[in-house]
Structure formats: structure tokens, C-alpha cells
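Presented below is the structure to which this report refers.
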Amino acid sequence: ETVVASDICLNMALGFLGHCMENLLLDQVFWLSHLDDEDVGIEVLINEEALHLMYRGILMQEESFFAKCTENQVFESMSSGCELLLDQGHIHIFEPPSSGSEWTVQSLADGSRGSISKPALEPVIPFHQWFLKSCPENILMSTGEMVCEFPFQFAVGSCLAVVEYEGCGPDELSFERGDCVEIVGFLVSCFEWFVGKHAETGRVGLVKTSLVKPSESVNESSEFFLKGEDRSLFKDQCIEEETFHLIKKISQTDIGAVYKLDKLDIPDSPHISRQSSASSSNESDPMRKELQSKISVFLSGVKEPHVTPSVTQSEERQAEHGDSQPFSERRDSCFPVDSEDENNHSPDSFQSLLEFLNCSEYKQEFKDLYDFSLLFLHSMFQGFADDEELVSYLGLAREMARKKKSHWAQTRICFLLGKLCAKKYKFSQARVYFEEALSVAKEQFMDIFLLKAIYTNLGAIYLKQKNKDKYLTTFERIAAFLMGIPNYICSTEQEPEILKYILKKAVLAQNKVAEARTCFLLARLYTRLNQSQRALPFIERLQILAKEFSLISKEKPSDCYLALGQVYSEKYLPHLSVSSIKHASLHSSATFMDCLRGIGFVIENTPRLYSLGKCGISVPTQVAPYLRRALSFTVDREDQQPCQTLSLCLSQLHQRHSMFDKAIRYMHAVIDKKSWPVSSEAVNALIYLAWLYILNNQHHFALDILTSMLVSFSETCTDLQKGVVYNMSGIALKYSSDIKQAAESYQKAMHTCEFKHNQAIAQANFGFLCLHTGTRDLAELSLVKAVELFSELEDVTHEVNFITVLLELGQYYVSRMQLEKGRIYYEWAFLMAIKANLTDCQLQATRQLSHFYNTVYPNQAQCIIYNEYQLSLVRKAGDKNQEGEILETISQLYFSLGTERAYRSALEYTKRSLGIFIDLKKKEKEAYAWLQAGKIYHILQQNELVDLYIQVAQDCGVSTGDMYFNLELLELAGDVFFNGSLDRDKAILFYRDRALPIAMKTGNVRAQLRLSNKLVELLMQMKLYGDAVEHAQAALAISISLGEQLNERVAFHRLAAVYHCLRQYELAEHYYLKALSLCSSPLQFDEETLYYVKVYQTLGDMIFYDLKDPFDAAGYYHLALAAAMDLGNKKSQLKLCTRLATIYHNFLINRELSLFFYQKARVFAADLNVRRINLSPDQYYQSVSQYKTCP
């Protein structure tokens, strides 16, 4: 958790959060659509106070953390019991209370521990927290105070000696009181020493900070780089030539060798615009005339190509640095080690070595001696079998140097012996040699690099041996050298640990400039040691400090950001890598090479952001800003090849995302350049421009280009190029409505080509042309022939076209209702797309199969399978809109299965779609998803969640401000309960109290009619007949106003049923008869006849049983019987004959009719296997019992 909080703070400070969010949330088209808008992007705002509270809360859960005292405090020592002072601003270790209320605090000055009840503290920043915890335990104890009262933390200039001082060794500077001492590098007030230069004598040595005071020339420095220092952290491996080779490789097309497949009117074809043509066929169109003129000039220039000689950057670099080579490769000083004559070395045998080493000043030849990699073992000495022989040889040389009083030679030999002993882990012996190297010199050290190397190696030994006292003394001197020597030589692998101690002291002293310099030294050291991941936190901190010091305006920010991008790329953190490169390459001070580096980094890292299956290499759209910026640098260059390459790449990027106008604009920039080194490239550029015009529905422009090419290259053009032009002309002619000429062009293309893949494409295009004109049989023959040709190909590069033809042929068979053939071609295309790992083709195939199994040949299981696979593809593509739609579709499919397990699956997919709709802020979709989830919970009888989800859905509906949508949503919410079996009374709240008032306010009469009918049914089931009358009358009034006979009849019937339940039989009879009067005459459907039967029977039962009028009841029964006989419904006839037999037997006393109906009832009873017929009247039967009521 601490890491997460620190990462948020870090990325916010570095400015990465916005760029990372852009890569996560924005689609690929965004980078092209806003190419001209440099300030467009995502700005992330974080509540820093809340983030700080979160960070502090996380620290409280840890065992201990570092914090700064915000005021002077007193704590009780655990060892002595006395009170100790915590000074304001000092950093200490605090342990939160585990039990009780006492905090534990540890002082970094002396390690004393104590307790305090309520400390006033402020946690240090995450970087300091991490760094201080990672420091070795034996060097944690130190004071962070300044060692003197020097008024500047990080000073440059000169200072004055306040006392006389005689140096204690050749490394220290002697001076008189009042002498002027120039600061070499920087004076850091928290360190005891600095490197100074005596103004009069010119001598350089160590000076104690406490012995000087500032002069008038001293000032505070916010610059932490030394003059002449190599400031580079980025290992530049990018050469202009290589980058352009990469760009050319990824932007290469087969436009001049492979026929184009006509996909313009194929549904769901990617990157194809299907808008109607907006181009003019008028020959006098100014735009067409301008294009024709430009093409003519271009073609004339291609016939006599002019190649501009250019010197490549690699050649320029070679010329510039031709004489520079490593010293180890050109030095002649190499000393033989005679191992066979070890005991008989004469003084002359060491003469050349001692003369070489006995130099008081630094020479370039000494670099290999001081370097940590021990290059001198092989570059300076030869003839020794192992290190022991070399140590023995150097030991003799040391004795000879001592005898001859060659002090500097003895010093350097002792240093080499110490290095060799340390290599063998003989640390005590190595320490002796290093200490001797310091004590030999009798005069001032002139070789500062040697002095620094000795101290650094000696400090590393003290650190290994945990000799704290000596290490602290040595460390202060090392810090002075690191702050004063530019481009020093790293002489030990332990140097990072020494630098960490220096950084720790700078952090505790809160000296940010010293901290920045030490971070720079650590980052550079780790980078040169090829430990870039260890360098990462220090580069990040360095960049943050540089921003604080406003050094971005003084120095280019590219180096740090390029180094960060390189390390992030190595750590497989593509979002951070791309963000770093964007800062470096798109800065106002960025150079042409910075843009090229950005292009290389983005091409390398962007595929990691989107794990899409791709065929070949493609350029991500994130590279577009870098290409455009690089293009701006090439305008005035003599060599126009880079400009052409960059423009072509930008054109292809826009073409892939259907931005054809911009693609055409960049291609015009390509053909405007007069120099083409290869004529075939110029021809391909023209063909590509013609194809862009076809894609942009400017077919006459394309024909102008293609016709001009055939005329100009009639003799020199190859058959393959002619075939490409004929095929493309056929596509353009087809959409120019010149079908005959299009067919002829396709035939020429088929006869001209020799390659089978081109024959297959031309055959498919001819088939598409036949489909376009309606000649289906000929189209089928051509497409089947194309499939046969594609099937014989072994080259996988043509599988996209093959899949397109398969899908089109499958769609053709489905339209002809040859479903089995259609399914086979769909699935064949799908399998081909999977084999070739073509994501776009897989999406097309799964869409077709999903539609096939959902609509054409319903199969829910197959439909779910293909939709789920389509979902996985869309998720990889990062298309959240489609992902939400597919999740919604899968949810509906599972819901329609109607099982508990299916309902739970539907709920899961609904919730996933809900999350996406929330992220996309699609309020309407979000409301539907909330409602669907509530509906499923209602079916699963998890009633505690139903009301919650439905309420949230309502809130979403209200937030849209759309009353019509809100009305629809409220009605659907009521339907959840209306169509269920539980809590049906809750539907009344949504229908009557919420939805109906909105429907009346908006004047939506049809919604009022639906809601009134639903309310009538609900209220009747709840036996609230009085309330039901009002809504039934409203429904009747609306139905009459609409003039729709069916709705009117339903309304009369519902109102009759309500009055029937209210036992207002006369009104019920009136409205039943009104409903019957609206039926068509004669009756057309069996359903209408059945309606007659039921209504007349209901009227008969109501009159007979409720109004006790057998005579009128018999009339209604006769009418019902007539309708039942016409329908042939024996069950209804049995019931009606029984009713009539009962009436004539018991009430109207007509024995003949009674017997007649009784006999007919017996016949129907025998047919229906009914054993007994009862003719006695049921005095307690009520006609209203036919209506179902709620318990």
C-alpha cells in the first residue's frame, strides 16, 4: 500500500499520470484527430491533502517510519531516564504505539531511544522514506546539522580563511589567515571538507569548511552540474539511418505488387468509408485540373530521377571522431612481467615502469589504472600467468621505487597492489597498501583523480570492515572530491554505497541541491555499471528536483526523461516509458534526434499497451505526434528522403483509421518532392494516392491518376504494375457507375497477372461487381473460383483477403436461404482468422456468426459462445463501447434461457456492463443496467437488493433530465413487479404515482393507455374495483380518441369486467355488448369466434345466476352455442348445452328442448370422456368467480 501511495505521488510529480490515462482511456483515433492540438489531453487533478492523509495512514500501519519534527519537543530516554531534546526540522525514526499511547522515537544523532506521548511530526516524502530505510544499518546514525555556520548550503565562488592552517598531509591545503581560497566545484555546508584552490599559489587541496568564511563573490548555487561535466544519463543507441530504416520497414506496403480487394460495400469492413461519393465527375472541376497538372509534372520528373548525394549521419560521426579511440587500443606503454626470473630482477628492469608512473600530475594514460574494472591487468602488463605473479612483480617494483625515492611511482604501485588484494578479498592487506599510498607523498597532490581513487577504495575497505570511526573521517573527504571533481573515475564497485551515505547526509541536512547532485552521481554510476534498474529511483528524484529548481528552462529535460523511458522499457512498464518519451521528445527544446528517439521508443513499447494480434509490423497512432514533429525539421533539408518517408508513414496512419482527407494531404506532400531515388517507389506512391482517392469516394480523381500512369508508363511499365492499375481502375469504374468498363478492367487484370493471389483477388472483385449488378449466379461462380484460388496459396499474407471473400460468400448463401452453406463459409472464415491471429477478421466473423445464430438460424447456446468470444476480442482492442454492448447482449441471451443458473450468469454480465456504462458516463445505458440487475434479483427472490437497484436506476434516469426516458424507465420498473409473482402491488407505485403523471404532463397518450390498462388489471386482482373504474374509464376515453378499434374494444371489455366485479350487472352487460359490437363482421379468425363464445357465455351466466333471468340468459347461451358450433369447440358446446338443458328443464319448462340439449350434451360428454351431467341448478354459483383475484 505504501508503494501504491508513493507511486501515485511520484507519477503525479513527474507528470506521467495524465499521459498514462490517455493511453488507457483514449482510443487510437484520438492521436490522429487531435494531431494539430498540442494542448489536448487528460489533466489529472488529485486532492493532495487527501493523498497525504492516505500516505500518513498507511505509514501508521508500519513498524516504524522516518519523520521530521515540526516543533521542538522533549522525550524521555529509555536508557538513562533523562530528558532529551528533539529539535525542530530534524529527522528521526518514529514507531507508532502498538499498545497504550506512547510513541517510540530514535534519534539519528546518537541512536538514543525514548518515548513520547503526542509527537509533532511530519512524515518525510516517499523517496526519502524508501532511501533511509534501505541504507545499511551501520551508517544510519549521523547528524544532519551543518558542520559550521557557513551561510550558504551549496556555494560557488571564493571564500576567505579565518585562521592560519598548516595542512596535515599532502592532500590538504595550507593557507594564512585572510588568504583567498577559490571553491573548486561546490562548497556544501553539511560536509566537513571541500576542494579549494589557493588564489596566490594555485595549489589545490582539501579545505575544512569551518576554517573559511564567504567572500563577496560567494553565492548560492541552484546548478548542481560542474563545468565541463558529462551530464548524460541516456545511453544513446539511436542513429538517424537506423530509425529511418525502421520507419521505412513498418510503412512498406505491397501496393505496387498486390491487387487491392474491393471492400467498399462490404459491411463491417475495417477502415473503409461507405459514404456516398462527393467527388465531381466534371472535367472542368478546378481541383481535378490542379491534380492532373501536378501528376503530369510528377511523372515527368520520375522519368529522369535526380539523386541528391547525402552524407549519412554515421559517416559524419566517423569523420568527426575518426581519430578518437580508447587509450587501451593505441597506447604503446606495456610492461612485461618476467615470471621465470623473479629473484634476479635488475634495477633497470623496472626503470621504464617507474618513469611512467612517477609523474606528479594526472595523465590520460592513468585512467585504466584508476578504473574499477582493472583494465590495467591486460592493457599495461603482459607475460604473467595469474594475479599472484603480478602482485609479486609489483611488490618488487614498490621496493625499487622506495629505494630510488620515486614517491609518485611508489604511491601508484601501492594503489595497484591494494586493488589486487581487494580483488582477492584480502581487505586488511589492501588497507595497508592504500594507507601507505596516502603517506608516501611528500609534496602536494597534483593528481586529484588518484587521491580520490585512494580515498574511495580505502573508504570501501573501512565500510567492509565496519570501521565506523575511520570510515566517517574518510567519507567526508570523499564527499569533497565528488562535489568538486567533474567526470571523476569510478575506482571501486563499492562506490554506490559511499554515494548513498553522502546522499543520506544531504537528505538529513535537507540540502536539496546536494541531494540532486548526489542523485545525479548515483544515477550516472549505476547506468555506467549497467545496473539501470537500480538507477531508476535516483533518476526519478533527480528529475523532480530539477523541476523544483526550474532547471528545465536552462537545460533540456530530454536526457533524464529519455533515461527514464529506457529503464521503464527494460522493466516492461510501457505506459511510463511512453509518457517519459513524450516529455522528452515533444518538449519545445526537443531536437530532430529527440523526435527520432521518441519514434523508436513508442514503436517498441506501444504493442505492449495493446496486445492485439497483428499480421506483420504496424505503426501505432501514438507515434503520430513524433512523426509530425520530426517532419517539421525536414522541410529545409537538402535530402528529401526523410521528409518523404515521414509523410508516407503519416499518410498510412491516417488511412488505417479512415481519415482519408488527411492521408491524401500527406501523400500530396510526398509527390510534391522532386527527388525520387527509385522510380518504382514513385510509381507506388502514385498508386497509393489513387487508392486513397478511391477509399475517399473520389473515384474520378483516382481514374485521372491511373489513366495518366498507363499513358506515361505504357512501354516501361511491367505487366505486374499494369495489372495493379487495371484492377484498381475496375474498382473506381464500378463506383463511377461504368459497369461495362469496370468488367473489362477486371478481365484485363486477370489476363495480365501471373501470380495466383492476384488472380484470386481480381476474380473476387469481378464477383463483387456481379453482386452489385444483381447477376447472382455469375457472382457465385466467380466467388467460388476465387475461394479455390485462395485455398491453393501457401503465403499467409493474403489471408485477410481470403477471409473477406469467405464472409461475403457466406452472406450470399444466407441471403439465398442456403443456410448450411452459409454457416460453413462463416465458420471457415472464423477458423482462418484464428489461425492467422487476425483480430479484425475474427471480429467480423464472430459478428456474422452471432447474427446467424441469433436471427437467421436461432441457437442460443451457439450465439452465447460466439458473443463471449467476440467479447474477448473487443476487450483486447480496448473498445469499451462495444464491450458494454456485447455484455448487454450476452446478459439478455442468458436471461432468455429462464433457469436459475442462467439468471445468475445474466446478472454477472449485467453488472460488468454496468461498470463500463458508469465509466463511459452513459446514463441511459447505466439506468437500464441497474434496472435489469434489479429485475434479475427479483426473479431470484433476493428482495433486499431489488428496491436498491431500482432506486439507483431511477436516480440515473432523473439525472439525464429527459422526461420521456424517465417515463419509459419508470414503466419498466413497474413491469418488474407486474410481470413477477411477488410484490405485484409495488407496480402500482410506479404506474400510478410516478409514471402516469409524467405521461400526462408530456402528453404521451399511448403511455397513458398502457399504464391505465396495467393499473386496471392490478387493481382488479387486488379487489380494488372502485379504483379500477377510474383507470378503466380513462383507458376507454383514450382509446376512443385514438380511433383504434381494437384498443377501444379492449377498453370496453375491461370496463365491463370491472362493473361485473362491482356487481353493477346492467352496466357490465351494456359494455360487454359495446365490446361485441366493435368486432368485425363477418368473423375472420378463430380467435374472434372464441371471444364471442366467452363473452356471450359470461353474459348468460351473469343474467342467469346473478340477475335470475333464465329467459334472457337462454338467449345469450344460444348465441354463445352458435359461435362455439362455428368454432367446433366441443368443450364449450358441452358446457353451453348443459346450461340450456338445465334452464329448459327447471325454469322455462320445455321438455322437448331440454331433452334435445341434454342428448347433445351426452354426445359431447362421451367424446370428451365426461362421465356425468348434472342438470340441477347451482343456486350459489356467481359469475364473477371467473375472475382471478389476489388472496
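Following the order of the C-alpha cells, first chain is A, next is B, and so on, with residues numbered from 1 inside each chain and ligands from 1 in the order they appear.
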If we count only C-alpha atoms and set the cut-off at 12 Å, which residues sit around Thr209 (chain A), ignoring sequence neighbours fewer than 6 positions away in its own chain? Please answer as a VMD selection string. chain A and resid 146 to 155 159 to 163 181 183 186 to 196 476 to 477 480
Test item: residues at most 8 Å from Tyr688 (chain A), only C-alpha atoms, excluding those fewer than 4 positions along its chain, as a ChimeraX atom specification: /A:255,684,692
Write out as a PyMOL selection string the set of residues from region 136-221 of chain A that DSSP, computed on the backbone, places in strand (DSSP E or B). chain A and resi 154-156+158-161+165+172+175+180-183+187-188+193-198+204-208+212-214+219-220
For N, CA, C and O atoms, I'd like the residues from the last selection saved as a compact mmCIF listing (two decimals), in the first residue's frame.
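Final output, saved to part.txt:
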# COMPACT_ATOMS: atom_id res chain seq x y z
N PHE A 154 24.88 25.47 -0.58
CA PHE A 154 25.55 24.92 -1.77
C PHE A 154 26.18 26.10 -2.50
O PHE A 154 25.54 26.76 -3.31
N ALA A 155 27.46 26.37 -2.17
CA ALA A 155 28.07 27.64 -2.57
C ALA A 155 29.06 27.46 -3.70
O ALA A 155 29.71 26.41 -3.85
N VAL A 156 29.18 28.52 -4.50
CA VAL A 156 30.22 28.64 -5.53
C VAL A 156 30.87 30.01 -5.38
O VAL A 156 30.28 30.92 -4.81
N SER A 158 34.41 32.18 -4.17
CA SER A 158 35.64 32.11 -3.37
C SER A 158 35.33 32.52 -1.94
O SER A 158 34.31 33.17 -1.67
N CYS A 159 36.19 32.12 -1.03
CA CYS A 159 35.99 32.45 0.39
C CYS A 159 37.33 32.86 1.01
O CYS A 159 38.39 32.74 0.38
N LEU A 160 37.27 33.32 2.24
CA LEU A 160 38.46 33.83 2.94
C LEU A 160 38.77 32.96 4.14
O LEU A 160 37.85 32.53 4.86
N ALA A 161 40.06 32.69 4.35
CA ALA A 161 40.48 31.90 5.51
C ALA A 161 40.34 32.75 6.77
O ALA A 161 40.72 33.91 6.80
N TYR A 165 46.34 27.89 8.76
CA TYR A 165 46.24 26.42 8.81
C TYR A 165 47.37 25.79 8.02
O TYR A 165 47.66 26.20 6.90
N GLU A 172 45.93 18.05 1.90
CA GLU A 172 45.29 19.22 2.48
C GLU A 172 46.02 20.49 2.04
O GLU A 172 47.23 20.48 1.81
N PHE A 175 47.28 27.48 4.27
CA PHE A 175 46.99 28.88 3.94
C PHE A 175 47.16 29.74 5.19
O PHE A 175 47.22 29.23 6.32
N CYS A 180 42.77 34.17 0.15
CA CYS A 180 41.59 33.89 -0.67
C CYS A 180 41.67 32.45 -1.19
O CYS A 180 42.68 32.06 -1.80
N VAL A 181 40.63 31.69 -0.94
CA VAL A 181 40.56 30.28 -1.39
C VAL A 181 39.38 30.15 -2.35
O VAL A 181 38.22 30.41 -1.98
N GLU A 182 39.70 29.79 -3.58
CA GLU A 182 38.63 29.60 -4.57
C GLU A 182 38.01 28.21 -4.39
O GLU A 182 38.71 27.22 -4.16
N ILE A 183 36.69 28.18 -4.48
CA ILE A 183 35.97 26.91 -4.34
C ILE A 183 36.05 26.15 -5.66
O ILE A 183 35.64 26.66 -6.70
N LEU A 187 31.00 24.10 -2.54
CA LEU A 187 31.16 24.00 -1.09
C LEU A 187 29.80 23.66 -0.51
O LEU A 187 28.84 24.43 -0.67
N VAL A 188 29.72 22.52 0.17
CA VAL A 188 28.45 22.06 0.75
C VAL A 188 28.57 22.17 2.26
O VAL A 188 29.45 21.54 2.87
N TRP A 193 34.59 19.03 4.57
CA TRP A 193 35.65 19.46 3.68
C TRP A 193 35.10 19.89 2.33
O TRP A 193 34.01 19.49 1.94
N PHE A 194 35.87 20.70 1.64
CA PHE A 194 35.60 20.99 0.24
C PHE A 194 36.95 21.13 -0.48
O PHE A 194 38.00 21.27 0.16
N VAL A 195 36.94 21.04 -1.79
CA VAL A 195 38.16 21.18 -2.58
C VAL A 195 38.37 22.66 -2.88
O VAL A 195 37.49 23.31 -3.44
N GLY A 196 39.52 23.16 -2.48
CA GLY A 196 39.80 24.57 -2.68
C GLY A 196 41.10 24.79 -3.45
O GLY A 196 41.98 23.92 -3.49
N LYS A 197 41.23 25.96 -4.02
CA LYS A 197 42.43 26.34 -4.78
C LYS A 197 42.96 27.66 -4.22
O LYS A 197 42.22 28.64 -4.16
N HIS A 198 44.23 27.63 -3.79
CA HIS A 198 44.84 28.85 -3.23
C HIS A 198 44.98 29.88 -4.35
O HIS A 198 45.57 29.60 -5.40
N VAL A 204 45.97 23.11 -5.20
CA VAL A 204 44.63 22.57 -4.97
C VAL A 204 44.70 21.51 -3.88
O VAL A 204 45.60 20.67 -3.88
N GLY A 205 43.77 21.55 -2.96
CA GLY A 205 43.72 20.56 -1.89
C GLY A 205 42.44 20.67 -1.11
O GLY A 205 41.57 21.51 -1.39
N LEU A 206 42.35 19.83 -0.08
CA LEU A 206 41.15 19.81 0.77
C LEU A 206 41.22 20.95 1.78
O LEU A 206 42.28 21.23 2.35
N VAL A 207 40.06 21.58 2.02
CA VAL A 207 39.96 22.68 2.96
C VAL A 207 38.79 22.42 3.89
O VAL A 207 37.70 22.01 3.44
N LYS A 208 39.00 22.61 5.19
CA LYS A 208 37.92 22.44 6.14
C LYS A 208 36.91 23.57 6.00
O LYS A 208 37.28 24.74 5.95
N VAL A 212 36.81 28.71 6.91
CA VAL A 212 36.66 29.79 5.94
C VAL A 212 35.33 30.51 6.17
O VAL A 212 34.42 29.99 6.83
N LYS A 213 35.27 31.69 5.60
CA LYS A 213 34.03 32.47 5.62
C LYS A 213 33.78 32.97 4.19
O LYS A 213 34.71 33.08 3.39
N PRO A 214 32.56 33.28 3.85
CA PRO A 214 32.27 33.69 2.47
C PRO A 214 32.84 35.06 2.15
O PRO A 214 32.89 35.95 2.99
N ASN A 219 28.08 32.90 -3.77
CA ASN A 219 26.61 32.93 -3.90
C ASN A 219 26.07 31.51 -3.87
O ASN A 219 26.80 30.54 -4.10
N GLU A 220 24.79 31.43 -3.59
CA GLU A 220 24.10 30.13 -3.54
C GLU A 220 23.87 29.63 -4.96
O GLU A 220 23.47 30.38 -5.84
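One distance worth recording is that between CA of Tyr853 (chain A) and CA of Leu783 (chain A), which is 23.8 Å.
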Shell around Tyr370 (chain A) at 8 Å using only C-alpha atoms, local window under 4 positions removed, as number ranges by chain: A: 366, 374, 449-450, 453, 489-491
Please produce, as JSON lines, a per-residue contact table for region 782-871 of chain A versus region 767-771 of chain A (criterion: any atom at most 10 Å away, only C-alpha atoms considered), showing the nearest atom pair and its distance in Å to one decimal, sorted by chain then residue number.
{"residue": "A:Ser782", "atom": "CA", "partner": "A:Gly767", "partner_atom": "CA", "distance": 4.9}
{"residue": "A:Leu783", "atom": "CA", "partner": "A:Gly767", "partner_atom": "CA", "distance": 5.4}
{"residue": "A:Val784", "atom": "CA", "partner": "A:Gly767", "partner_atom": "CA", "distance": 8.9}
{"residue": "A:Lys785", "atom": "CA", "partner": "A:Gly767", "partner_atom": "CA", "distance": 9.3}
{"residue": "A:Ala786", "atom": "CA", "partner": "A:Gly767", "partner_atom": "CA", "distance": 8.5}
{"residue": "A:Val805", "atom": "CA", "partner": "A:Phe768", "partner_atom": "CA", "distance": 9.2}
{"residue": "A:Glu808", "atom": "CA", "partner": "A:Phe768", "partner_atom": "CA", "distance": 8.7}
{"residue": "A:Leu809", "atom": "CA", "partner": "A:Gly767", "partner_atom": "CA", "distance": 9.6}
{"residue": "A:Tyr812", "atom": "CA", "partner": "A:Leu771", "partner_atom": "CA", "distance": 8.8}
Include C-alpha atoms and write out the residues we just selected as a PDB file, in the first residue's frame.
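Result saved to again.pdb:
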ATOM      1  CA  SER A 782     -16.617 -16.041 -59.594  1.00  0.00           C
ATOM      2  CA  LEU A 783     -16.506 -16.039 -55.798  1.00  0.00           C
ATOM      3  CA  VAL A 784     -16.246 -19.835 -55.611  1.00  0.00           C
ATOM      4  CA  LYS A 785     -13.409 -19.708 -58.164  1.00  0.00           C
ATOM      5  CA  ALA A 786     -11.698 -17.036 -56.049  1.00  0.00           C
ATOM      6  CA  VAL A 805     -14.226 -13.363 -49.635  1.00  0.00           C
ATOM      7  CA  GLU A 808     -19.052 -12.384 -48.420  1.00  0.00           C
ATOM      8  CA  LEU A 809     -19.779 -15.776 -49.969  1.00  0.00           C
ATOM      9  CA  TYR A 812     -24.557 -14.575 -50.224  1.00  0.00           C
TER      10      TYR A 812
END
All residues 8 Å or closer to region 862-875 of chain A, only C-alpha atoms, same chain fewer than 2 positions away omitted, as a PyMOL selection string: chain A and resi 839+842-843+846-847+849-851+853-854+858-860+877-880+882-883+886-887+889-890+893-894
Please identify the helix (DSSP H, G or I) residues within region 633-799 of chain A (assignment by DSSP from backbone atoms) and present them as a PyMOL selection string. chain A and resi 633+641-656+660-671+679-695+699-712+719-735+739-752+756-773+776-791+796-799
Write out as a list of chain:residue names the residues lying within 12 Å of Thr773 (chain A), counting only C-alpha atoms and excluding same-chain residues fewer than 2 positions away. A:Lys734, A:Tyr735, A:Ser737, A:Asp738, A:Ile739, A:Lys740, A:Ala742, A:Ala743, A:Phe766, A:Gly767, A:Phe768, A:Leu769, A:Cys770, A:Leu771, A:Thr775, A:Arg776, A:Asp777, A:Leu778, A:Ala779
Next, write the just-selected residues to a file, as a PDB file, in the first residue's frame, keeping N, CA and C atoms as the atom set.
ATOM      1  N   LYS A 734     -16.354   0.913 -61.155  1.00  0.00           N
ATOM      2  CA  LYS A 734     -17.571   0.329 -60.570  1.00  0.00           C
ATOM      3  C   LYS A 734     -18.355   1.377 -59.792  1.00  0.00           C
ATOM      4  N   TYR A 735     -17.664   2.151 -58.992  1.00  0.00           N
ATOM      5  CA  TYR A 735     -18.349   3.159 -58.174  1.00  0.00           C
ATOM      6  C   TYR A 735     -18.577   4.465 -58.925  1.00  0.00           C
ATOM      7  N   SER A 737     -20.188   4.067 -61.681  1.00  0.00           N
ATOM      8  CA  SER A 737     -21.353   3.551 -62.413  1.00  0.00           C
ATOM      9  C   SER A 737     -21.034   3.205 -63.868  1.00  0.00           C
ATOM     10  N   ASP A 738     -19.774   2.949 -64.172  1.00  0.00           N
ATOM     11  CA  ASP A 738     -19.398   2.497 -65.514  1.00  0.00           C
ATOM     12  C   ASP A 738     -19.114   0.998 -65.418  1.00  0.00           C
ATOM     13  N   ILE A 739     -20.189   0.203 -65.366  1.00  0.00           N
ATOM     14  CA  ILE A 739     -20.082  -1.220 -65.078  1.00  0.00           C
ATOM     15  C   ILE A 739     -19.352  -1.959 -66.194  1.00  0.00           C
ATOM     16  N   LYS A 740     -19.660  -1.615 -67.445  1.00  0.00           N
ATOM     17  CA  LYS A 740     -19.045  -2.311 -68.572  1.00  0.00           C
ATOM     18  C   LYS A 740     -17.533  -2.118 -68.558  1.00  0.00           C
ATOM     19  N   ALA A 742     -15.709  -1.317 -66.045  1.00  0.00           N
ATOM     20  CA  ALA A 742     -15.172  -1.965 -64.848  1.00  0.00           C
ATOM     21  C   ALA A 742     -14.938  -3.448 -65.107  1.00  0.00           C
ATOM     22  N   ALA A 743     -15.937  -4.112 -65.743  1.00  0.00           N
ATOM     23  CA  ALA A 743     -15.793  -5.534 -66.054  1.00  0.00           C
ATOM     24  C   ALA A 743     -14.609  -5.765 -66.982  1.00  0.00           C
ATOM     25  N   PHE A 766     -14.410  -9.258 -59.483  1.00  0.00           N
ATOM     26  CA  PHE A 766     -15.407  -9.444 -60.544  1.00  0.00           C
ATOM     27  C   PHE A 766     -16.697 -10.018 -59.956  1.00  0.00           C
ATOM     28  N   GLY A 767     -16.557 -10.931 -58.990  1.00  0.00           N
ATOM     29  CA  GLY A 767     -17.740 -11.465 -58.314  1.00  0.00           C
ATOM     30  C   GLY A 767     -18.502 -10.396 -57.553  1.00  0.00           C
ATOM     31  N   PHE A 768     -17.777  -9.513 -56.871  1.00  0.00           N
ATOM     32  CA  PHE A 768     -18.435  -8.409 -56.165  1.00  0.00           C
ATOM     33  C   PHE A 768     -19.163  -7.495 -57.148  1.00  0.00           C
ATOM     34  N   LEU A 769     -18.561  -7.288 -58.324  1.00  0.00           N
ATOM     35  CA  LEU A 769     -19.202  -6.464 -59.349  1.00  0.00           C
ATOM     36  C   LEU A 769     -20.506  -7.110 -59.820  1.00  0.00           C
ATOM     37  N   CYS A 770     -20.489  -8.433 -59.982  1.00  0.00           N
ATOM     38  CA  CYS A 770     -21.705  -9.139 -60.388  1.00  0.00           C
ATOM     39  C   CYS A 770     -22.784  -9.055 -59.306  1.00  0.00           C
ATOM     40  N   LEU A 771     -22.378  -9.175 -58.053  1.00  0.00           N
ATOM     41  CA  LEU A 771     -23.357  -8.996 -56.968  1.00  0.00           C
ATOM     42  C   LEU A 771     -23.933  -7.594 -56.992  1.00  0.00           C
ATOM     43  N   THR A 775     -26.434  -9.932 -60.906  1.00  0.00           N
ATOM     44  CA  THR A 775     -26.235 -11.204 -61.606  1.00  0.00           C
ATOM     45  C   THR A 775     -25.651 -12.207 -60.610  1.00  0.00           C
ATOM     46  N   ARG A 776     -26.544 -12.821 -59.828  1.00  0.00           N
ATOM     47  CA  ARG A 776     -26.125 -13.619 -58.681  1.00  0.00           C
ATOM     48  C   ARG A 776     -25.423 -14.920 -59.072  1.00  0.00           C
ATOM     49  N   ASP A 777     -25.917 -15.600 -60.112  1.00  0.00           N
ATOM     50  CA  ASP A 777     -25.314 -16.884 -60.479  1.00  0.00           C
ATOM     51  C   ASP A 777     -23.875 -16.699 -60.935  1.00  0.00           C
ATOM     52  N   LEU A 778     -23.635 -15.682 -61.768  1.00  0.00           N
ATOM     53  CA  LEU A 778     -22.276 -15.405 -62.212  1.00  0.00           C
ATOM     54  C   LEU A 778     -21.400 -14.968 -61.047  1.00  0.00           C
ATOM     55  N   ALA A 779     -21.982 -14.217 -60.096  1.00  0.00           N
ATOM     56  CA  ALA A 779     -21.242 -13.800 -58.908  1.00  0.00           C
ATOM     57  C   ALA A 779     -20.820 -15.003 -58.083  1.00  0.00           C
TER      58      ALA A 779
END
Which polymer residues have any atom within 12 Å of an atom of Glu63 (chain A), counting only C-alpha atoms, with same-chain residues fewer than 2 positions away left out, as a ChimeraX atom specification? /A:58-61,65-66,93-98,103-105,133
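Counting only C-alpha atoms and comparing A:Tyr964, A:Tyr1091, A:Phe225, A:Phe1104, the residue that lies closest to Leu482 (chain A) is A:Phe225.
If you look at CA of Cys643 (chain A) and CA of Ala702 (chain A), they are 23.9 Å away from each other.
Considering only C-alpha atoms, the residue among A:Leu1148, A:Leu1015, A:Ala1123, A:Val1005 positioned nearest to Tyr991 (chain A) is A:Leu1015.
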Restricting the calculation to only C-alpha atoms, which member of A:Ser1132, A:Gln941, A:Ser815, A:Thr804 is positioned closest to Leu264 (chain A)? A:Thr804
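Comparing A:Lys986, A:Met832, A:Phe549, A:Glu604 by their smallest distance to Tyr572 (chain A), the closest is A:Glu604 (using only C-alpha atoms).
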